[in-house]
$ cat upload_15.txt   # compact mmCIF, C-alpha atoms
# COMPACT_ATOMS: atom_id res chain seq x y z
CA MET A 27 110.99 17.88 59.55
CA ALA A 28 114.30 18.58 57.83
CA THR A 29 115.06 16.47 54.78
CA GLU A 30 118.43 15.62 53.24
CA ALA A 31 119.80 16.99 49.99
CA SER A 32 119.39 14.59 47.08
CA VAL A 33 123.04 14.85 46.02
CA ALA A 34 125.39 13.56 48.69
CA PRO A 35 128.63 15.51 49.30
CA VAL A 36 131.66 13.37 50.13
CA ARG A 37 134.94 13.91 51.95
CA ALA A 38 137.42 13.86 49.05
CA LYS A 39 140.04 11.80 50.89
CA ASP A 40 137.42 9.11 51.59
CA VAL A 41 136.87 8.42 47.88
CA ALA A 42 138.47 5.14 46.85
CA PRO A 43 141.67 5.54 44.78
CA ARG A 44 141.58 4.68 41.08
CA VAL A 45 142.48 1.00 40.73
CA LEU A 46 144.64 1.53 37.65
CA ALA A 47 147.96 3.03 38.78
CA SER A 48 148.58 4.51 35.33
CA ILE A 49 146.91 4.50 31.90
CA TYR A 50 150.32 4.67 30.18
CA PRO A 51 151.89 1.62 28.48
CA GLU A 52 153.50 -0.78 30.93
CA GLU A 53 157.02 0.46 30.07
CA PHE A 54 156.16 3.71 31.85
CA ALA A 55 154.07 2.34 34.71
CA LYS A 56 156.93 1.99 37.20
CA ARG A 57 157.51 5.74 37.09
CA PHE A 58 154.16 6.21 38.80
CA ASN A 59 154.92 4.66 42.14
CA GLY A 60 153.81 7.06 44.84
CA ARG A 61 150.98 8.59 42.81
CA VAL A 62 147.34 8.07 43.86
CA LYS A 63 144.33 9.53 42.04
CA ARG A 64 140.84 9.85 43.49
CA GLN A 65 138.33 10.55 40.71
CA LEU A 66 136.00 12.98 42.44
CA GLY A 67 133.97 14.05 39.42
CA ASN A 68 133.05 10.46 38.64
CA VAL A 69 131.46 10.08 42.10
CA PHE A 70 128.77 12.48 40.95
CA GLY A 71 128.45 11.20 37.38
CA LEU A 72 130.04 14.29 35.80
CA SER A 73 130.93 13.73 32.15
CA ASN A 74 131.99 17.12 30.74
CA PHE A 75 135.14 17.32 32.85
CA GLY A 76 137.05 15.29 35.40
CA VAL A 77 138.30 16.38 38.82
CA ASN A 78 140.89 14.27 40.62
CA LEU A 79 142.30 14.56 44.12
CA THR A 80 145.86 13.46 43.43
CA THR A 81 148.49 12.57 46.02
CA LEU A 82 152.21 12.43 45.20
CA GLU A 83 154.66 11.07 47.72
CA PRO A 84 158.14 12.64 47.72
CA GLY A 85 159.83 11.80 44.40
CA ALA A 86 156.58 11.00 42.59
CA ILE A 87 155.46 12.72 39.38
CA SER A 88 152.04 13.82 38.10
CA ALA A 89 152.39 12.48 34.55
CA LEU A 90 154.91 12.14 31.74
CA ARG A 91 155.64 15.74 30.75
CA HIS A 92 153.00 16.50 28.12
CA ALA A 93 150.90 19.07 26.29
CA HIS A 94 147.30 18.62 25.12
CA SER A 95 146.07 19.79 21.74
CA LYS A 96 142.44 20.44 22.73
CA GLN A 97 141.88 19.84 26.44
CA ASP A 98 142.60 22.46 29.08
CA GLU A 99 144.00 21.49 32.47
CA PHE A 100 144.02 23.22 35.87
CA VAL A 101 145.80 22.38 39.12
CA TYR A 102 145.24 23.74 42.66
CA ILE A 103 147.71 22.79 45.40
CA LEU A 104 146.07 21.75 48.69
CA GLU A 105 149.05 20.46 50.71
CA GLY A 106 152.81 20.27 50.23
CA GLU A 107 155.04 21.71 47.56
CA ALA A 108 155.30 20.96 43.85
CA THR A 109 157.90 21.65 41.20
CA LEU A 110 156.35 22.55 37.87
CA THR A 111 158.47 21.80 34.80
CA THR A 112 157.55 23.31 31.43
CA ASN A 113 159.46 23.80 28.18
CA ALA A 114 161.23 26.81 29.69
CA GLY A 115 162.26 25.46 33.10
CA THR A 116 160.86 25.08 36.60
CA LYS A 117 158.78 26.91 39.20
CA MET A 118 157.66 26.06 42.71
CA LEU A 119 154.05 25.90 43.87
CA SER A 120 152.87 25.71 47.46
CA SER A 121 149.49 25.29 49.16
CA GLY A 122 146.93 27.80 47.88
CA MET A 123 148.66 28.24 44.52
CA CYS A 124 147.25 27.23 41.17
CA VAL A 125 148.24 26.96 37.55
CA GLY A 126 146.41 26.32 34.29
CA PHE A 127 147.58 24.68 31.09
CA ARG A 128 145.76 25.97 28.06
CA ALA A 129 145.29 23.52 25.20
CA GLY A 130 147.21 23.96 21.99
CA THR A 131 150.22 25.90 23.24
CA GLY A 132 152.66 23.00 22.84
CA ASP A 133 154.18 23.94 26.19
CA ALA A 134 154.49 20.58 27.97
CA HIS A 135 154.07 20.41 31.75
CA GLN A 136 154.71 18.05 34.64
CA LEU A 137 154.44 18.38 38.40
CA SER A 138 156.81 16.56 40.69
CA ASN A 139 157.02 16.31 44.45
CA THR A 140 160.53 17.50 45.14
CA GLY A 141 159.69 18.17 48.78
CA VAL A 142 159.82 16.01 51.89
CA SER A 143 156.08 15.84 52.66
CA THR A 144 153.10 14.47 50.74
CA LEU A 145 151.84 16.68 47.93
CA VAL A 146 148.06 16.85 47.50
CA TYR A 147 146.35 18.72 44.68
CA LEU A 148 143.14 18.97 42.72
CA GLU A 149 143.44 18.55 38.95
CA VAL A 150 140.72 19.41 36.46
CA GLY A 151 140.63 18.45 32.80
CA ASP A 152 137.87 18.56 30.24
CA ARG A 153 136.78 15.83 27.81
CA THR A 154 136.97 17.65 24.46
CA PRO A 155 136.91 14.98 21.70
CA GLY A 156 139.74 14.69 19.18
CA ASP A 157 142.40 15.50 21.76
CA SER A 158 145.99 14.34 21.49
CA ALA A 159 148.99 14.63 23.78
CA PHE A 160 152.61 15.43 22.90
CA TYR A 161 155.47 14.20 25.11
CA PRO A 162 158.77 16.01 24.44
CA ASP A 163 160.88 13.88 26.80
CA ASP A 164 159.64 10.34 26.00
CA ASP A 165 159.09 8.09 22.99
CA ILE A 166 155.32 8.21 23.18
CA ARG A 167 152.36 10.06 21.77
CA ALA A 168 148.67 9.74 22.66
CA ILE A 169 145.47 10.06 20.68
CA LEU A 170 141.98 10.12 22.20
CA ASN A 171 139.98 7.76 20.00
CA ALA A 172 136.34 8.11 18.96
CA GLN A 173 135.32 5.98 21.95
CA GLY A 174 136.99 8.43 24.33
CA VAL A 175 139.83 6.01 25.13
CA TRP A 176 143.50 7.04 25.02
CA GLU A 177 145.66 5.13 22.51
CA PHE A 178 149.44 5.27 22.84
CA GLU A 179 152.07 4.83 20.16
CA HIS A 180 155.78 5.34 19.66
CA LYS A 181 156.80 8.53 17.87
CA ASP A 182 157.45 6.46 14.73
CA GLY A 183 153.81 5.31 14.75
CA ARG A 184 154.27 1.78 16.16
CA LYS A 185 151.51 1.01 18.65
CA TYR A 186 152.30 0.22 22.24
CA ARG A 187 150.75 -3.09 23.17
CA MET B 11 171.54 28.09 35.05
CA ALA B 12 167.98 27.30 36.10
CA THR B 13 165.28 28.85 33.96
CA GLU B 14 161.70 29.68 34.91
CA ALA B 15 158.61 27.80 33.76
CA SER B 16 156.81 29.54 30.93
CA VAL B 17 153.42 29.37 32.63
CA ALA B 18 153.36 31.32 35.87
CA PRO B 19 151.53 29.80 38.83
CA VAL B 20 149.65 32.27 41.04
CA ARG B 21 148.46 32.36 44.63
CA ALA B 22 144.69 32.01 44.18
CA LYS B 23 143.79 34.60 46.84
CA ASP B 24 146.01 37.17 45.08
CA VAL B 25 143.89 37.05 41.91
CA ALA B 26 141.76 40.20 41.58
CA PRO B 27 138.04 39.63 42.29
CA ARG B 28 135.59 39.75 39.40
CA VAL B 29 134.41 43.34 39.02
CA LEU B 30 130.78 42.40 38.35
CA ALA B 31 129.18 41.41 41.65
CA SER B 32 126.54 39.31 39.86
CA ILE B 33 125.51 38.53 36.27
CA TYR B 34 121.84 38.28 37.34
CA PRO B 35 119.32 41.04 36.54
CA GLU B 36 119.54 44.00 38.90
CA GLU B 37 116.45 42.87 40.86
CA PHE B 38 118.53 39.97 42.21
CA ALA B 39 121.88 41.72 42.63
CA LYS B 40 121.37 42.76 46.24
CA ARG B 41 121.16 39.12 47.30
CA PHE B 42 124.83 38.74 46.41
CA ASN B 43 126.36 40.98 49.01
CA GLY B 44 129.16 39.09 50.69
CA ARG B 45 130.05 36.96 47.65
CA VAL B 46 133.40 37.42 45.89
CA LYS B 47 134.54 35.39 42.85
CA ARG B 48 138.14 35.11 41.65
CA GLN B 49 138.22 33.69 38.11
CA LEU B 50 141.28 31.47 38.29
CA GLY B 51 140.88 29.67 34.98
CA ASN B 52 140.77 32.97 33.10
CA VAL B 53 144.22 33.90 34.47
CA PHE B 54 145.64 31.10 32.32
CA GLY B 55 143.42 31.63 29.29
CA LEU B 56 141.41 28.43 29.80
CA SER B 57 138.28 28.32 27.66
CA ASN B 58 136.81 24.82 28.01
CA PHE B 59 135.90 25.27 31.66
CA GLY B 60 136.02 27.91 34.36
CA VAL B 61 137.41 27.61 37.88
CA ASN B 62 136.53 30.21 40.49
CA LEU B 63 137.81 30.73 44.00
CA THR B 64 134.63 31.94 45.65
CA THR B 65 134.33 33.50 49.09
CA LEU B 66 131.01 33.77 50.93
CA GLU B 67 130.75 35.79 54.11
CA PRO B 68 128.27 34.50 56.73
CA GLY B 69 124.75 34.83 55.31
CA ALA B 70 125.89 34.99 51.68
CA ILE B 71 124.73 32.59 48.95
CA SER B 72 126.51 31.01 45.98
CA ALA B 73 123.80 31.65 43.39
CA LEU B 74 120.04 31.61 42.97
CA ARG B 75 119.10 27.97 43.45
CA HIS B 76 119.38 26.50 39.95
CA ALA B 77 119.94 23.47 37.73
CA HIS B 78 121.80 23.42 34.40
CA SER B 79 120.56 21.52 31.37
CA LYS B 80 123.98 20.81 29.81
CA GLN B 81 126.82 22.07 32.00
CA ASP B 82 128.23 20.07 34.89
CA GLU B 83 129.37 21.80 38.08
CA PHE B 84 131.73 20.78 40.88
CA VAL B 85 132.50 22.37 44.24
CA TYR B 86 135.37 21.69 46.69
CA ILE B 87 135.28 23.35 50.13
CA LEU B 88 138.60 24.89 51.21
CA GLU B 89 137.62 26.77 54.38
CA GLY B 90 134.50 27.15 56.51
CA GLU B 91 131.16 25.38 56.34
CA ALA B 92 128.44 25.41 53.69
CA THR B 93 124.81 24.40 53.64
CA LEU B 94 123.82 22.76 50.38
CA THR B 95 120.14 23.04 49.42
CA THR B 96 118.70 20.83 46.68
CA ASN B 97 115.16 19.87 45.68
CA ALA B 98 115.06 17.36 48.53
CA GLY B 99 116.47 19.38 51.42
CA THR B 100 119.80 20.36 52.94
CA LYS B 101 123.21 18.93 53.82
CA MET B 102 126.33 20.38 55.43
CA LEU B 103 129.78 20.50 53.84
CA SER B 104 133.02 21.31 55.62
CA SER B 105 136.62 21.79 54.50
CA GLY B 106 137.87 18.88 52.37
CA MET B 107 134.39 17.91 51.19
CA CYS B 108 133.15 18.15 47.63
CA VAL B 109 129.98 17.78 45.63
CA GLY B 110 129.14 17.63 41.94
CA PHE B 111 126.01 18.68 40.07
CA ARG B 112 125.47 16.66 36.94
CA ALA B 113 123.73 18.47 34.10
CA GLY B 114 120.20 17.57 33.12
CA THR B 115 118.93 16.14 36.40
CA GLY B 116 116.63 19.09 37.17
CA ASP B 117 117.79 18.94 40.79
CA ALA B 118 118.50 22.59 41.61
CA HIS B 119 121.29 23.48 44.04
CA GLN B 120 122.55 26.39 46.09
CA LEU B 121 125.28 26.78 48.68
CA SER B 122 124.90 29.20 51.56
CA ASN B 123 127.21 30.19 54.35
CA THR B 124 125.14 29.43 57.40
CA GLY B 125 128.26 29.43 59.61
CA VAL B 126 130.05 32.17 61.51
CA SER B 127 133.34 32.20 59.56
CA THR B 128 134.16 32.95 55.93
CA LEU B 129 133.41 30.13 53.50
CA VAL B 130 135.96 29.59 50.72
CA TYR B 131 135.50 27.08 47.92
CA LEU B 132 136.60 26.20 44.41
CA GLU B 133 133.84 25.89 41.81
CA VAL B 134 134.29 24.36 38.38
CA GLY B 135 131.85 24.59 35.47
CA ASP B 136 132.22 23.76 31.82
CA ARG B 137 131.20 25.86 28.83
CA THR B 138 128.98 23.45 26.88
CA PRO B 139 127.00 25.51 24.32
CA GLY B 140 123.20 25.54 24.33
CA ASP B 141 122.99 25.42 28.11
CA SER B 142 120.05 26.79 30.08
CA ALA B 143 119.35 27.19 33.77
CA PHE B 144 116.15 26.50 35.69
CA TYR B 145 115.39 28.34 38.95
CA PRO B 146 112.62 26.68 40.99
CA ASP B 147 112.43 29.39 43.67
CA ASP B 148 112.56 32.60 41.59
CA ASP B 149 110.80 34.16 38.61
CA ILE B 150 113.75 33.82 36.28
CA ARG B 151 115.15 31.50 33.65
CA ALA B 152 118.46 31.72 31.80
CA ILE B 153 119.57 30.79 28.30
CA LEU B 154 123.17 30.75 27.09
CA ASN B 155 123.04 32.48 23.71
CA ALA B 156 125.09 31.65 20.62
CA GLN B 157 127.67 34.24 21.68
CA GLY B 158 128.17 32.46 25.00
CA VAL B 159 126.41 35.21 26.99
CA TRP B 160 123.69 34.44 29.54
CA GLU B 161 120.27 35.99 28.79
CA PHE B 162 117.68 36.18 31.55
CA GLU B 163 113.92 36.28 31.28
CA HIS B 164 110.86 35.97 33.47
CA LYS B 165 109.14 32.59 33.49
CA ASP B 166 106.40 34.05 31.23
CA GLY B 167 109.07 34.89 28.63
CA ARG B 168 109.39 38.65 29.25
CA LYS B 169 113.03 39.68 29.07
CA TYR B 170 114.78 41.21 32.03
CA ARG B 171 116.26 44.54 31.00
$ encode --input "upload_15.txt" --output "structure tokens"
Amino acid sequence: MATEASVAPVRAKDVAPRVLASIYPEEFAKRFNGRVKRQLGNVFGLSNFGVNLTTLEPGAISALRHAHSKQDEFVYILEGEATLTTNAGTKMLSSGMCVGFRAGTGDAHQLSNTGVSTLVYLEVGDRTPGDSAFYPDDDIRAILNAQGVWEFEHKDGRKYR
Amino acid sequence: MATEASVAPVRAKDVAPRVLASIYPEEFAKRFNGRVKRQLGNVFGLSNFGVNLTTLEPGAISALRHAHSKQDEFVYILEGEATLTTNAGTKMLSSGMCVGFRAGTGDAHQLSNTGVSTLVYLEVGDRTPGDSAFYPDDDIRAILNAQGVWEFEHKDGRKYR
């Protein structure tokens, strides 16, 4: 008699969206309308890296434009078209394209859905401790604390509440 | 004047396949006919995790069935159908489905293309040092050495040449 595998694959789009719309301070939260993240890696208890299935409606953005000091990131486009903005300018990505953001370069990145259809992509990021994030366009900086939680402050060091 | 982003996205299928058909000892290499890996993360210099676009022709397998002690793995099916085999049995995955393999469970996994069309998937794995891999079905075990290179030996400790 056939038996079933002990780890259960899931259809990515069936995973419940993350409840929290954004981990940024409330001042920035309204910029994240139209963004939905499904935390696929968490479904399987992965702890060394995260994988999200992220959906951006037209006009939505992936994140505040940022660069990580220690954590790598990778994006693979499944559906739709994305505009990538980095320090140097913009590029387009379509389905089947990918891009990686190596830690420590200082080159800040952001994806935005500048198209007319829904953008769907996979994003991967690791969990290297001691990470921080730099935001060239906004008055914010982020530090990953010893508990693995992101703390946000203004560029002059005042904490966001 | 618009300028171009400083990181250059690529079409995943345009990335050159890995030259080495398999990192396993030569005795096992012939089992990996029909498997092609494109190392997407390496294109962007990522070092904390790897992302491969892997293609399996009908009959091909992802790897010897194995479990990692410290490194997590994640798979997302892009095209075709896969059979997942774990310690407990088998399950099917189709396009849009994903599965993760948490380190340290001892539950060994393998994907195989039991369908009639080409199977294409993304696989993600981290680079946690001190990892080892256990292979329940084959006379092999693997240890990631201090240089980050996999070393293979028989289960009685004899090295594979």
$ closest_atom_pairs --input "upload_15.txt" --of "chain A" --to "chain B" --cutoff "7 Å" --atoms "all atoms listed in the file" --output "tab-separated table"
residue	atom	partner	partner_atom	distance
A:Ala28	CA	B:Gly99	CA	6.8
A:Thr29	CA	B:Gly99	CA	4.7
A:Glu30	CA	B:Gly99	CA	4.6
A:Ala31	CA	B:Gly99	CA	4.3
A:Ser32	CA	B:Ala98	CA	5.3
A:Ala34	CA	B:Val109	CA	6.9
A:Pro35	CA	B:Val109	CA	4.5
A:Val36	CA	B:Met107	CA	5.4
A:Arg37	CA	B:Met107	CA	4.1
A:Ala38	CA	B:Met107	CA	5.5
A:Gly67	CA	B:Gly110	CA	6.5
A:Phe70	CA	B:Gly110	CA	5.3
A:Gly71	CA	B:Arg112	CA	6.2
A:Leu72	CA	B:Arg112	CA	5.3
A:Asn74	CA	B:Asp82	CA	6.3
A:Asp98	CA	B:Leu56	CA	6.1
A:Thr111	CA	B:Ala15	CA	6.1
A:Thr112	CA	B:Ala15	CA	5.2
A:Asn113	CA	B:Ser16	CA	6.9
A:Ala114	CA	B:Ala15	CA	4.9
A:Gly115	CA	B:Ala15	CA	4.4
A:Thr116	CA	B:Ala15	CA	4.5
A:Lys117	CA	B:Ala15	CA	5.5
A:Leu119	CA	B:Pro19	CA	6.9
A:Gly122	CA	B:Arg21	CA	5.8
A:Met123	CA	B:Arg21	CA	4.1
A:Cys124	CA	B:Pro19	CA	5.5
A:Val125	CA	B:Pro19	CA	4.5
A:Gly126	CA	B:Phe54	CA	5.2
A:Phe127	CA	B:Phe54	CA	6.8
A:Arg128	CA	B:Leu56	CA	5.3
A:Asp152	CA	B:Asn58	CA	6.7
$ write_last_selection --input "upload_15.txt" --atoms "C-alpha atoms" --output "compact mmCIF listing (two decimals), keeping the file's coordinate frame"
# COMPACT_ATOMS: atom_id res chain seq x y z
CA ALA A 28 114.30 18.58 57.83
CA THR A 29 115.06 16.47 54.78
CA GLU A 30 118.43 15.62 53.24
CA ALA A 31 119.80 16.99 49.99
CA SER A 32 119.39 14.59 47.08
CA ALA A 34 125.39 13.56 48.69
CA PRO A 35 128.63 15.51 49.30
CA VAL A 36 131.66 13.37 50.13
CA ARG A 37 134.94 13.91 51.95
CA ALA A 38 137.42 13.86 49.05
CA GLY A 67 133.97 14.05 39.42
CA PHE A 70 128.77 12.48 40.95
CA GLY A 71 128.45 11.20 37.38
CA LEU A 72 130.04 14.29 35.80
CA ASN A 74 131.99 17.12 30.74
CA ASP A 98 142.60 22.46 29.08
CA THR A 111 158.47 21.80 34.80
CA THR A 112 157.55 23.31 31.43
CA ASN A 113 159.46 23.80 28.18
CA ALA A 114 161.23 26.81 29.69
CA GLY A 115 162.26 25.46 33.10
CA THR A 116 160.86 25.08 36.60
CA LYS A 117 158.78 26.91 39.20
CA LEU A 119 154.05 25.90 43.87
CA GLY A 122 146.93 27.80 47.88
CA MET A 123 148.66 28.24 44.52
CA CYS A 124 147.25 27.23 41.17
CA VAL A 125 148.24 26.96 37.55
CA GLY A 126 146.41 26.32 34.29
CA PHE A 127 147.58 24.68 31.09
CA ARG A 128 145.76 25.97 28.06
CA ASP A 152 137.87 18.56 30.24
$ atom_distance --input "upload_15.txt" --atom1 "atom CA of A:Arg187" --atom2 "atom CA of A:Pro51"
7.2 Å
$ axis_aligned_box --input "upload_15.txt" --around "stretch 119-122 of chain B" --padding-each-side "4 Å" --output "JSON"
{"center_x": 123.3, "center_y": 26.3, "center_z": 47.8, "size_x": 12.0, "size_y": 13.7, "size_z": 15.5}
$ atom_distance --input "upload_15.txt" --atom1 "atom CA of B:Val130" --atom2 "atom CA of B:Ala70"
11.5 Å
$ residues_around --input "upload_15.txt" --residues "stretch 149-153 of chain B" --least-positions-apart "6" --cutoff "7 Å" --atoms "only C-alpha atoms" --output "list in words"
Asp141, Ser142, Ala143, Trp160, Glu161, Phe162, Glu163, His164 and Lys165 of chain B
$ atom_distance --input "upload_15.txt" --atom1 "atom CA of B:Arg75" --atom2 "atom CA of B:Gln120"
4.6 Å
$ residues_around --input "upload_15.txt" --residues "B:Thr64" --least-positions-apart "4" --cutoff "9 Å" --atoms "only C-alpha atoms" --output "JSON, numbers by chain"
{"B": [45, 46, 47, 48, 49, 72, 129, 130, 131, 132, 133]}
$ residues_around --input "upload_15.txt" --residues "B:Leu30" --least-positions-apart "2" --cutoff "10 Å" --atoms "all atoms listed in the file" --output "short mmCIF file (atom, residue, chain, number, x, y, z; two decimals) with C-alpha atoms, keeping the file's coordinate frame"
data_model
loop_
_atom_site.label_atom_id
_atom_site.label_comp_id
_atom_site.auth_asym_id
_atom_site.auth_seq_id
_atom_site.Cartn_x
_atom_site.Cartn_y
_atom_site.Cartn_z
CA PRO B 27 138.04 39.63 42.29
CA ARG B 28 135.59 39.75 39.40
CA SER B 32 126.54 39.31 39.86
CA ILE B 33 125.51 38.53 36.27
CA TYR B 34 121.84 38.28 37.34
CA ALA B 39 121.88 41.72 42.63
CA VAL B 46 133.40 37.42 45.89
CA LYS B 47 134.54 35.39 42.85
#
$ closest_residue --input "upload_15.txt" --among "A:Asn59, A:Ser95, A:Gln173, A:Asn139" --to "A:Glu107" --atoms "all atoms listed in the file"
A:Asn139
$ decode --input "upload_15.txt" --residues "stretch 102-127 of chain B" --atoms "N, CA and C atoms" --output "compact mmCIF listing (two decimals), in the first residue's frame"
# COMPACT_ATOMS: atom_id res chain seq x y z
N MET B 102 2.77 13.99 -4.64
CA MET B 102 2.95 14.66 -5.91
C MET B 102 2.96 16.17 -5.71
N LEU B 103 3.77 16.84 -6.51
CA LEU B 103 3.78 18.31 -6.55
C LEU B 103 3.63 18.75 -8.00
N SER B 104 2.82 19.78 -8.20
CA SER B 104 2.68 20.36 -9.54
C SER B 104 3.04 21.85 -9.47
N SER B 105 3.03 22.47 -10.63
CA SER B 105 3.41 23.89 -10.76
C SER B 105 2.68 24.76 -9.74
N GLY B 106 3.43 25.63 -9.05
CA GLY B 106 2.84 26.51 -8.04
C GLY B 106 2.86 25.92 -6.65
N MET B 107 3.33 24.68 -6.53
CA MET B 107 3.43 24.06 -5.20
C MET B 107 4.87 24.17 -4.69
N CYS B 108 4.99 24.10 -3.37
CA CYS B 108 6.32 24.20 -2.76
C CYS B 108 6.41 23.27 -1.58
N VAL B 109 7.65 23.02 -1.16
CA VAL B 109 7.88 22.19 0.01
C VAL B 109 9.21 22.60 0.63
N GLY B 110 9.31 22.50 1.93
CA GLY B 110 10.55 22.84 2.62
C GLY B 110 11.03 21.66 3.43
N PHE B 111 12.35 21.57 3.58
CA PHE B 111 12.96 20.47 4.32
C PHE B 111 13.81 21.07 5.41
N ARG B 112 13.28 21.05 6.61
CA ARG B 112 13.93 21.63 7.77
C ARG B 112 15.12 20.76 8.18
N ALA B 113 16.22 21.40 8.49
CA ALA B 113 17.42 20.67 8.91
C ALA B 113 17.17 19.91 10.20
N GLY B 114 17.86 18.78 10.33
CA GLY B 114 17.91 18.10 11.61
C GLY B 114 16.77 17.15 11.92
N THR B 115 15.85 16.98 10.97
CA THR B 115 14.71 16.09 11.24
C THR B 115 15.06 14.63 10.97
N GLY B 116 16.08 14.40 10.13
CA GLY B 116 16.42 13.03 9.74
C GLY B 116 15.49 12.45 8.70
N ASP B 117 14.51 13.24 8.26
CA ASP B 117 13.56 12.76 7.24
C ASP B 117 14.16 13.07 5.86
N ALA B 118 14.63 12.03 5.20
CA ALA B 118 15.36 12.21 3.93
C ALA B 118 14.39 12.39 2.77
N HIS B 119 14.77 13.25 1.83
CA HIS B 119 13.88 13.59 0.71
C HIS B 119 14.59 13.48 -0.63
N GLN B 120 13.77 13.30 -1.64
CA GLN B 120 14.23 13.25 -3.04
C GLN B 120 13.05 13.61 -3.92
N LEU B 121 13.32 14.39 -4.96
CA LEU B 121 12.30 14.65 -5.98
C LEU B 121 12.66 13.83 -7.21
N SER B 122 11.64 13.31 -7.88
CA SER B 122 11.90 12.65 -9.16
C SER B 122 10.84 13.07 -10.15
N ASN B 123 11.25 13.12 -11.41
CA ASN B 123 10.29 13.45 -12.46
C ASN B 123 9.67 12.16 -12.97
N THR B 124 8.52 11.86 -12.43
CA THR B 124 7.79 10.65 -12.82
C THR B 124 6.77 10.97 -13.90
N GLY B 125 6.78 12.22 -14.40
CA GLY B 125 5.84 12.63 -15.44
C GLY B 125 6.40 12.43 -16.84
N VAL B 126 5.72 13.01 -17.81
CA VAL B 126 6.12 12.86 -19.21
C VAL B 126 6.71 14.15 -19.78
N SER B 127 6.60 15.25 -19.02
CA SER B 127 7.18 16.52 -19.50
C SER B 127 8.33 16.94 -18.60
